[in-house]
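Trainee: Below you'll find structure-v9.tsv; it's TSV, C-alpha atoms.
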chain	number	residue	atom	x	y	z
M	1	MET	CA	-29.40	-13.30	-0.21
M	2	PRO	CA	-25.65	-14.02	-0.60
M	3	ASP	CA	-23.28	-14.62	2.30
M	4	PHE	CA	-19.94	-12.91	2.78
M	5	THR	CA	-17.23	-13.71	5.29
M	6	ILE	CA	-15.81	-10.43	6.60
M	7	GLU	CA	-12.58	-10.05	8.58
M	8	THR	CA	-12.55	-6.92	10.73
M	9	THR	CA	-9.54	-5.59	12.60
M	10	TYR	CA	-8.60	-2.84	15.01
M	11	HIS	CA	-5.13	-1.96	16.25
M	12	LEU	CA	-4.58	-1.72	19.98
M	13	PRO	CA	-1.65	0.46	21.11
M	14	VAL	CA	0.78	-1.03	23.61
M	15	PHE	CA	2.95	1.32	25.64
M	16	ARG	CA	5.56	1.28	28.40
M	17	HIS	CA	7.24	3.79	30.70
M	18	ARG	CA	10.96	3.30	31.20
M	19	THR	CA	13.84	5.61	32.13
M	20	TYR	CA	16.91	5.78	29.89
M	21	GLU	CA	20.23	7.38	30.77
M	22	ALA	CA	21.83	9.08	27.77
M	23	ASP	CA	23.95	12.09	26.84
M	24	THR	CA	21.29	13.58	24.56
M	25	LEU	CA	17.57	13.41	24.01
M	26	ASP	CA	18.15	11.86	20.59
M	27	GLU	CA	20.22	9.05	22.11
M	28	ALA	CA	17.58	8.44	24.77
M	29	CYS	CA	14.85	8.20	22.14
M	30	ARG	CA	16.99	5.87	20.05
M	31	ALA	CA	17.61	3.64	23.06
M	32	ALA	CA	13.88	3.48	23.75
M	33	ILE	CA	13.12	2.53	20.14
M	34	GLU	CA	15.76	-0.20	20.12
M	35	ASP	CA	14.72	-1.61	23.51
M	36	ASP	CA	13.21	-5.06	22.87
M	37	SER	CA	12.08	-5.68	26.44
M	38	TRP	CA	8.32	-5.24	26.83
M	39	ASP	CA	7.81	-7.00	30.16
M	40	ILE	CA	6.18	-3.87	31.63
M	41	ALA	CA	3.97	-3.17	28.63
M	42	GLU	CA	0.39	-1.99	29.06
M	43	LYS	CA	-2.51	-1.89	26.61
M	44	ASP	CA	-4.13	1.45	25.82
M	45	PHE	CA	-7.76	0.55	25.23
M	46	ASN	CA	-8.75	4.21	25.13
M	47	SER	CA	-6.65	4.82	22.02
M	48	ALA	CA	-7.62	1.78	19.96
M	49	GLY	CA	-7.64	2.33	16.22
M	50	ALA	CA	-10.73	2.40	14.05
M	51	ILE	CA	-12.38	-0.89	13.18
M	52	HIS	CA	-11.75	-1.60	9.51
M	53	ILE	CA	-12.11	-4.39	6.98
M	54	THR	CA	-9.03	-6.52	6.32
M	55	GLY	CA	-10.56	-9.37	4.34
M	56	ILE	CA	-13.67	-10.29	2.38
M	57	TRP	CA	-14.55	-13.70	0.96
M	58	ASP	CA	-17.57	-14.92	-0.95
M	59	GLY	CA	-19.66	-17.39	1.04
M	60	ALA	CA	-20.20	-18.38	4.66
M	61	HIS	CA	-17.20	-19.30	6.85
M	62	ALA	CA	-14.92	-18.81	3.83
M	63	ALA	CA	-11.99	-16.91	5.37
M	64	TYR	CA	-8.76	-17.76	3.53
M	65	ALA	CA	-10.52	-20.64	1.77
M	66	GLY	CA	-10.37	-18.93	-1.62
M	67	PRO	CA	-9.42	-15.71	-3.37
M	68	PRO	CA	-10.46	-12.62	-1.41
M	69	ILE	CA	-12.76	-9.93	-2.73
M	70	GLN	CA	-11.30	-6.46	-3.12
M	71	ILE	CA	-12.11	-4.29	-0.13
M	72	PRO	CA	-14.07	-1.11	-0.96
M	73	PRO	CA	-11.76	1.81	-0.09
M	74	GLN	CA	-14.19	3.41	2.36
M	75	PHE	CA	-13.82	0.35	4.61
M	76	ASP	CA	-10.02	0.35	4.60
M	77	GLU	CA	-8.08	1.47	7.66
M	78	PRO	CA	-8.52	5.27	7.69
M	79	VAL	CA	-4.91	6.08	8.57
M	80	GLN	CA	-3.59	3.87	5.76
M	81	ARG	CA	-6.07	5.33	3.30
M	82	ARG	CA	-4.91	8.83	4.20
M	83	ALA	CA	-1.26	7.81	3.95
M	84	ARG	CA	-1.69	6.42	0.43
M	85	HIS	CA	-3.55	9.53	-0.67
M	86	PHE	CA	-0.76	11.68	0.75
M	87	GLU	CA	1.56	10.36	-1.98
M	88	ILE	CA	-0.89	11.47	-4.67
M	89	LEU	CA	-1.28	14.91	-3.12
M	90	LEU	CA	2.48	15.31	-2.77
M	91	GLY	CA	3.02	14.49	-6.43
M	92	LEU	CA	0.36	16.99	-7.52
M	93	LEU	CA	1.75	19.64	-5.20
M	94	LYS	CA	5.24	19.25	-6.68
M	95	ILE	CA	3.89	19.69	-10.20
M	96	LEU	CA	1.72	22.68	-9.32
M	97	PHE	CA	4.53	24.30	-7.34
M	98	ASP	CA	6.88	23.87	-10.28
M	99	ASN	CA	4.32	25.59	-12.52
M	100	VAL	CA	4.04	28.49	-10.09
M	101	ARG	CA	7.81	28.84	-9.79
M	102	ALA	CA	8.15	28.87	-13.58
M	103	ALA	CA	5.20	31.26	-13.98
M	104	ARG	CA	3.39	28.69	-16.13
M	105	ARG	CA	-0.34	28.18	-16.24
M	106	PRO	CA	-1.18	24.71	-14.94
M	107	SER	CA	-2.61	22.39	-17.57
M	108	LEU	CA	-6.30	21.58	-17.52
M	109	ASP	CA	-5.39	17.91	-17.10
M	110	TRP	CA	-3.53	18.55	-13.86
M	111	LEU	CA	-6.26	20.88	-12.63
M	112	ASP	CA	-8.79	18.09	-13.21
M	113	ARG	CA	-6.57	15.63	-11.39
M	114	SER	CA	-6.14	18.08	-8.53
M	115	ALA	CA	-9.89	18.59	-8.27
M	116	TRP	CA	-10.36	14.82	-8.13
M	117	ALA	CA	-7.62	14.50	-5.49
M	118	ILE	CA	-9.33	17.14	-3.35
M	119	ALA	CA	-12.67	15.36	-3.73
M	120	ARG	CA	-11.03	12.07	-2.79
M	121	GLY	CA	-9.41	13.65	0.26
M	122	GLU	CA	-12.79	14.93	1.40
M	123	ALA	CA	-14.29	11.49	0.81
M	124	ILE	CA	-11.55	9.90	2.91
M	125	LEU	CA	-12.18	12.30	5.78
M	126	ALA	CA	-15.91	11.58	5.57
M	127	GLY	CA	-15.44	7.82	5.25
M	128	ASP	CA	-17.14	7.80	1.85
M	129	PRO	CA	-16.28	5.88	-1.34
M	130	ASP	CA	-13.71	7.33	-3.72
M	131	PRO	CA	-15.13	9.74	-6.31
M	132	GLU	CA	-15.11	8.80	-9.95
M	133	GLU	CA	-11.79	9.60	-11.58
M	134	PRO	CA	-11.71	12.12	-14.45
M	135	VAL	CA	-12.57	10.37	-17.70
M	136	ASP	CA	-9.71	10.61	-20.19
M	137	PRO	CA	-9.22	8.96	-23.58
M	138	PRO	CA	-7.63	5.54	-23.08
M	139	LYS	CA	-3.85	5.61	-23.03
M	140	PRO	CA	-1.46	2.69	-23.51
M	141	SER	CA	-0.57	0.80	-20.34
M	142	HIS	CA	2.41	-1.40	-19.60
M	143	VAL	CA	2.94	-4.47	-17.44
M	144	LEU	CA	5.59	-3.79	-14.80
M	145	VAL	CA	5.63	-7.15	-13.06
M	146	ARG	CA	4.25	-10.61	-13.64
M	147	LEU	CA	3.67	-13.03	-10.78
M	148	GLN	CA	4.61	-16.46	-12.09
M	149	GLU	CA	3.45	-19.51	-10.18
M	150	ASN	CA	6.52	-21.56	-11.16
M	151	ARG	CA	8.74	-18.88	-9.62
M	152	VAL	CA	6.61	-19.00	-6.48
M	153	ARG	CA	7.25	-22.74	-6.27
M	154	ASP	CA	10.99	-22.07	-6.55
M	155	ALA	CA	10.64	-19.57	-3.71
M	156	ILE	CA	8.83	-22.17	-1.61
M	157	THR	CA	11.78	-24.50	-1.98
M	158	ALA	CA	14.20	-21.76	-0.95
M	159	VAL	CA	12.11	-20.77	2.08
M	160	LEU	CA	11.71	-24.32	3.34
M	161	GLU	CA	15.46	-24.87	3.16
M	162	VAL	CA	16.16	-22.14	5.71
M	163	ASP	CA	12.97	-21.64	7.77
M	164	SER	CA	12.84	-24.02	10.72
M	165	ASN	CA	9.25	-23.01	11.48
M	166	PHE	CA	8.12	-25.36	8.71
M	167	LYS	CA	10.34	-28.28	9.64
M	168	GLY	CA	9.08	-31.51	8.11
M	169	LEU	CA	7.19	-29.80	5.30
M	170	THR	CA	8.50	-30.55	1.82
M	171	PRO	CA	8.04	-28.40	-1.28
M	172	GLU	CA	6.05	-31.22	-2.86
M	173	ALA	CA	3.51	-31.00	-0.03
M	174	VAL	CA	2.47	-27.53	-1.24
M	175	THR	CA	-0.08	-28.14	-3.99
M	176	ASP	CA	-0.47	-26.23	-7.23
M	177	ASP	CA	-3.96	-25.20	-6.10
M	178	GLU	CA	-2.54	-23.66	-2.92
M	179	ILE	CA	0.03	-21.74	-4.93
M	180	HIS	CA	-2.66	-20.58	-7.37
M	181	VAL	CA	-4.94	-19.33	-4.58
M	182	ALA	CA	-2.01	-17.61	-2.86
M	183	CYS	CA	-1.04	-15.84	-6.09
M	184	LEU	CA	-4.62	-14.67	-6.64
M	185	SER	CA	-4.71	-13.33	-3.09
M	186	ILE	CA	-1.47	-11.38	-3.52
M	187	ALA	CA	-2.47	-10.08	-6.95
M	188	THR	CA	-5.78	-8.72	-5.65
M	189	THR	CA	-4.70	-7.35	-2.27
M	190	MET	CA	-1.05	-6.28	-2.45
M	191	ASP	CA	-0.52	-2.54	-2.79
M	192	PHE	CA	1.94	-1.68	-5.58
M	193	SER	CA	1.23	2.06	-5.54
M	194	ASP	CA	4.77	2.93	-4.40
M	195	VAL	CA	6.37	0.84	-7.16
M	196	VAL	CA	4.01	2.11	-9.85
M	197	GLY	CA	4.38	5.72	-8.75
M	198	ASN	CA	8.16	5.48	-8.82
M	199	ALA	CA	8.07	3.86	-12.27
M	200	GLU	CA	5.80	6.61	-13.59
M	201	PHE	CA	8.12	9.36	-12.38
M	202	GLN	CA	11.20	7.54	-13.72
M	203	ALA	CA	9.50	7.11	-17.09
M	204	ALA	CA	8.53	10.79	-17.07
M	205	LEU	CA	12.13	11.84	-16.42
M	206	LEU	CA	13.42	9.52	-19.14
M	207	ALA	CA	10.93	10.94	-21.67
M	208	ILE	CA	11.85	14.49	-20.67
M	209	ARG	CA	15.58	13.80	-21.14
M	210	SER	CA	14.87	12.24	-24.53
M	211	ALA	CA	12.88	15.27	-25.66
M	212	HIS	CA	15.57	17.61	-24.31
M	213	ARG	CA	18.31	15.82	-26.25
M	214	ARG	CA	16.20	15.81	-29.41
M	215	LEU	CA	15.42	19.51	-29.25
M	216	ALA	CA	18.99	20.42	-28.29
M	217	SER	CA	20.33	18.66	-31.38
M	218	ASP	CA	18.01	20.52	-33.78
Written as structure tokens, that's how I'd like the structure from this file.
Mentor:
Amino acid sequence: MPDFTIETTYHLPVFRHRTYEADTLDEACRAAIEDDSWDIAEKDFNSAGAIHITGIWDGAHAAYAGPPIQIPPQFDEPVQRRARHFEILLGLLKILFDNVRAARRPSLDWLDRSAWAIARGEAILAGDPDPEEPVDPPKPSHVLVRLQENRVRDAITAVLEVDSNFKGLTPEAVTDDEIHVACLSIATTMDFSDVVGNAEFQAALLAIRSAHRRLASD
């Protein structure tokens, strides 16, 4: 039976009560947000967040010793899972609303995507795995970014020149293996959904403008 090292996390709220004198409620709230003094802070154990998985590694006692395993979505932090799905729902809602406003029938493709998004939302609320996405014919995909290990080494040099927390550490002390493992970790765990979503919408707008110019010139 294989071993897995699992990192679990829960977020514990910290609060304080302090009086602020201000001309308006907005100014008082802003002063409270910008107040860096937490000497009277208290922990709210009754409002602790849900326990969730923040790291998985293959093997016993293997935390951060190698590339992490992708976390199944049902074990992610619920509030973050809901927040990421909100972006998908918002995009679908904009498209469907535009169809309604233009008195157009929504395409079957977007109806299928909407049905999947609803099923995924229900799965998130139930703490279940994501449903299978609608199966479409394969479409071309494009690489938006490439994480290059030589550029990471350049960044290490730049960081060490200005960050006093690592005083005494030279760029040469960071091995190629450490850079490789770090890149694998970022590539498998970093969430690029915002960047990809923005690129998709920008590409859609560019294609629409191209088609509009082409048809207008006919």
Trainee: What is the atom CA of Ile6 of chain M-atom CA of Asp58 of chain M distance in Å, reported with one decimal?
Mentor: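 Answer for the atom CA of Ile6 of chain M to atom CA of Asp58 of chain M separation: 9.0 Å.
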Trainee: For Leu184 of chain M, which of M:Pro13, M:Pro68, M:Gly59, M:Gly91 is the closest residue, counting all atoms listed in the file?
Mentor: M:Pro68
Trainee: Could you check which of M:Glu77, M:Glu87, M:Asp26, M:Glu7 is closest to Asp194 of chain M, using only C-alpha atoms?
Mentor: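 Answer, going by the shortest atom-to-atom distance: M:Glu87.
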Trainee: With only C-alpha atoms as the counted atoms, please give the residues lying no more than 12 Å from Leu147 of chain M, apart from itself and same-chain residues fewer than 2 positions off, as a ChimeraX atom specification.
Mentor: /M:143-145,149-153,155,179-180,182-188,190
Trainee: For the atom pair atom CA of Ile53 of chain M and atom CA of Thr8 of chain M, what is the interatomic distance in Å to one decimal place?
Mentor: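 Going from atom CA of Ile53 of chain M over to atom CA of Thr8 of chain M, I get 4.5 Å.
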Trainee: Grab the atom CA of Ala48 of chain M to atom CA of Leu12 of chain M distance for me, in Å with one decimal place.
Mentor: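 Distance between the two atoms: 4.6 Å.
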Trainee: May I have the protein, DNA and RNA residues with an atom at most 8 Å from (-2.4, 0.1, 21.3), counting all atoms listed in the file in the file's coordinates, returned as a short mmCIF file (atom, residue, chain, number, x, y, z; two decimals) with C-alpha atoms, keeping the file's coordinate frame?
Mentor:
data_model
loop_
_atom_site.label_atom_id
_atom_site.label_comp_id
_atom_site.auth_asym_id
_atom_site.auth_seq_id
_atom_site.Cartn_x
_atom_site.Cartn_y
_atom_site.Cartn_z
CA HIS M 11 -5.13 -1.96 16.25
CA LEU M 12 -4.58 -1.72 19.98
CA PRO M 13 -1.65 0.46 21.11
CA VAL M 14 0.78 -1.03 23.61
CA PHE M 15 2.95 1.32 25.64
CA LYS M 43 -2.51 -1.89 26.61
CA ASP M 44 -4.13 1.45 25.82
CA PHE M 45 -7.76 0.55 25.23
CA SER M 47 -6.65 4.82 22.02
CA ALA M 48 -7.62 1.78 19.96
CA GLY M 49 -7.64 2.33 16.22
#
Trainee: Applying 12 Å and all atoms listed in the file, which residues near Arg105 of chain M remain after dropping the ones on its own chain fewer than 6 positions away? List them as a list of chain:residue names.
Mentor: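 That gives M:Ile95, M:Leu96, M:Phe97, M:Asp98, M:Asn99, M:Leu111.
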Trainee: Nearest to Leu92 of chain M: which of M:Pro171, M:Pro67, M:Pro106, M:Gly55 is it, counting only C-alpha atoms?
Mentor: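 Counting only C-alpha atoms, the residue closest to Leu92 of chain M is M:Pro106.
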Trainee: Is there a way to get, as a PyMOL selection string, all residues within 10 Å of the point (-6.6, 11.7, -1.0) in file coordinates, counting all atoms listed in the file?
Mentor: chain M and resi 81-90+114+116-125+130
Trainee: Using all atoms listed in the file, pick whichever of M:Ile56, M:Ala65, M:Thr9, M:Cys29 has the shortest atom-to-atom distance to Asp177 of chain M.
Mentor: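 With all atoms listed in the file as the atom set, the closest residue is M:Ala65.
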Trainee: Rank M:Trp110, M:Ala60, M:His142, M:Ala50 by their smallest atom-to-atom distance to Pro78 of chain M, using all atoms listed in the file, and report the top residue only.
Mentor: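 Closest candidate: M:Ala50.
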Trainee: Looking at only C-alpha atoms, which of M:Leu169, M:Val196, M:Phe4, M:Asp191 is the one that sits closest to Gln80 of chain M?
Mentor: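 Once distances to Gln80 of chain M are computed over only C-alpha atoms, the minimum belongs to M:Asp191.
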Trainee: Taking N, CA and C atoms as the atom set, what does segment 89-106 of chain M look like once completed, written as a PDB file, in the coordinates of the input?
Mentor:
ATOM      1  N   LEU M  89      -1.251  13.465  -3.348  1.00  0.00           N
ATOM      2  CA  LEU M  89      -1.280  14.910  -3.120  1.00  0.00           C
ATOM      3  C   LEU M  89       0.112  15.516  -3.216  1.00  0.00           C
ATOM      4  N   LEU M  90       1.110  14.801  -2.702  1.00  0.00           N
ATOM      5  CA  LEU M  90       2.480  15.310  -2.770  1.00  0.00           C
ATOM      6  C   LEU M  90       2.945  15.433  -4.214  1.00  0.00           C
ATOM      7  N   GLY M  91       2.637  14.424  -5.028  1.00  0.00           N
ATOM      8  CA  GLY M  91       3.020  14.490  -6.430  1.00  0.00           C
ATOM      9  C   GLY M  91       2.357  15.651  -7.156  1.00  0.00           C
ATOM     10  N   LEU M  92       1.067  15.867  -6.901  1.00  0.00           N
ATOM     11  CA  LEU M  92       0.360  16.990  -7.520  1.00  0.00           C
ATOM     12  C   LEU M  92       0.914  18.324  -7.036  1.00  0.00           C
ATOM     13  N   LEU M  93       1.223  18.395  -5.751  1.00  0.00           N
ATOM     14  CA  LEU M  93       1.750  19.640  -5.200  1.00  0.00           C
ATOM     15  C   LEU M  93       3.094  19.991  -5.834  1.00  0.00           C
ATOM     16  N   LYS M  94       3.944  18.997  -6.046  1.00  0.00           N
ATOM     17  CA  LYS M  94       5.240  19.250  -6.680  1.00  0.00           C
ATOM     18  C   LYS M  94       5.057  19.819  -8.086  1.00  0.00           C
ATOM     19  N   ILE M  95       4.121  19.238  -8.831  1.00  0.00           N
ATOM     20  CA  ILE M  95       3.890  19.690 -10.200  1.00  0.00           C
ATOM     21  C   ILE M  95       3.313  21.105 -10.211  1.00  0.00           C
ATOM     22  N   LEU M  96       2.325  21.351  -9.366  1.00  0.00           N
ATOM     23  CA  LEU M  96       1.720  22.680  -9.320  1.00  0.00           C
ATOM     24  C   LEU M  96       2.712  23.729  -8.824  1.00  0.00           C
ATOM     25  N   PHE M  97       3.529  23.367  -7.843  1.00  0.00           N
ATOM     26  CA  PHE M  97       4.530  24.300  -7.340  1.00  0.00           C
ATOM     27  C   PHE M  97       5.552  24.636  -8.417  1.00  0.00           C
ATOM     28  N   ASP M  98       5.926  23.629  -9.200  1.00  0.00           N
ATOM     29  CA  ASP M  98       6.880  23.870 -10.280  1.00  0.00           C
ATOM     30  C   ASP M  98       6.280  24.812 -11.321  1.00  0.00           C
ATOM     31  N   ASN M  99       4.981  24.671 -11.585  1.00  0.00           N
ATOM     32  CA  ASN M  99       4.320  25.590 -12.520  1.00  0.00           C
ATOM     33  C   ASN M  99       4.326  27.015 -11.984  1.00  0.00           C
ATOM     34  N   VAL M 100       4.048  27.158 -10.696  1.00  0.00           N
ATOM     35  CA  VAL M 100       4.040  28.490 -10.090  1.00  0.00           C
ATOM     36  C   VAL M 100       5.428  29.112 -10.142  1.00  0.00           C
ATOM     37  N   ARG M 101       6.433  28.322  -9.803  1.00  0.00           N
ATOM     38  CA  ARG M 101       7.810  28.840  -9.790  1.00  0.00           C
ATOM     39  C   ARG M 101       8.260  29.255 -11.184  1.00  0.00           C
ATOM     40  N   ALA M 102       7.776  28.542 -12.207  1.00  0.00           N
ATOM     41  CA  ALA M 102       8.150  28.870 -13.580  1.00  0.00           C
ATOM     42  C   ALA M 102       7.171  29.833 -14.233  1.00  0.00           C
ATOM     43  N   ALA M 103       6.202  30.323 -13.462  1.00  0.00           N
ATOM     44  CA  ALA M 103       5.200  31.260 -13.980  1.00  0.00           C
ATOM     45  C   ALA M 103       4.438  30.664 -15.162  1.00  0.00           C
ATOM     46  N   ARG M 104       4.166  29.356 -15.089  1.00  0.00           N
ATOM     47  CA  ARG M 104       3.390  28.690 -16.130  1.00  0.00           C
ATOM     48  C   ARG M 104       1.966  28.481 -15.643  1.00  0.00           C
ATOM     49  N   ARG M 105       1.037  28.531 -16.574  1.00  0.00           N
ATOM     50  CA  ARG M 105      -0.340  28.180 -16.240  1.00  0.00           C
ATOM     51  C   ARG M 105      -0.444  26.663 -16.120  1.00  0.00           C
ATOM     52  N   PRO M 106      -1.036  26.167 -15.058  1.00  0.00           N
ATOM     53  CA  PRO M 106      -1.180  24.710 -14.940  1.00  0.00           C
ATOM     54  C   PRO M 106      -2.100  24.176 -16.033  1.00  0.00           C
TER      55      PRO M 106
END
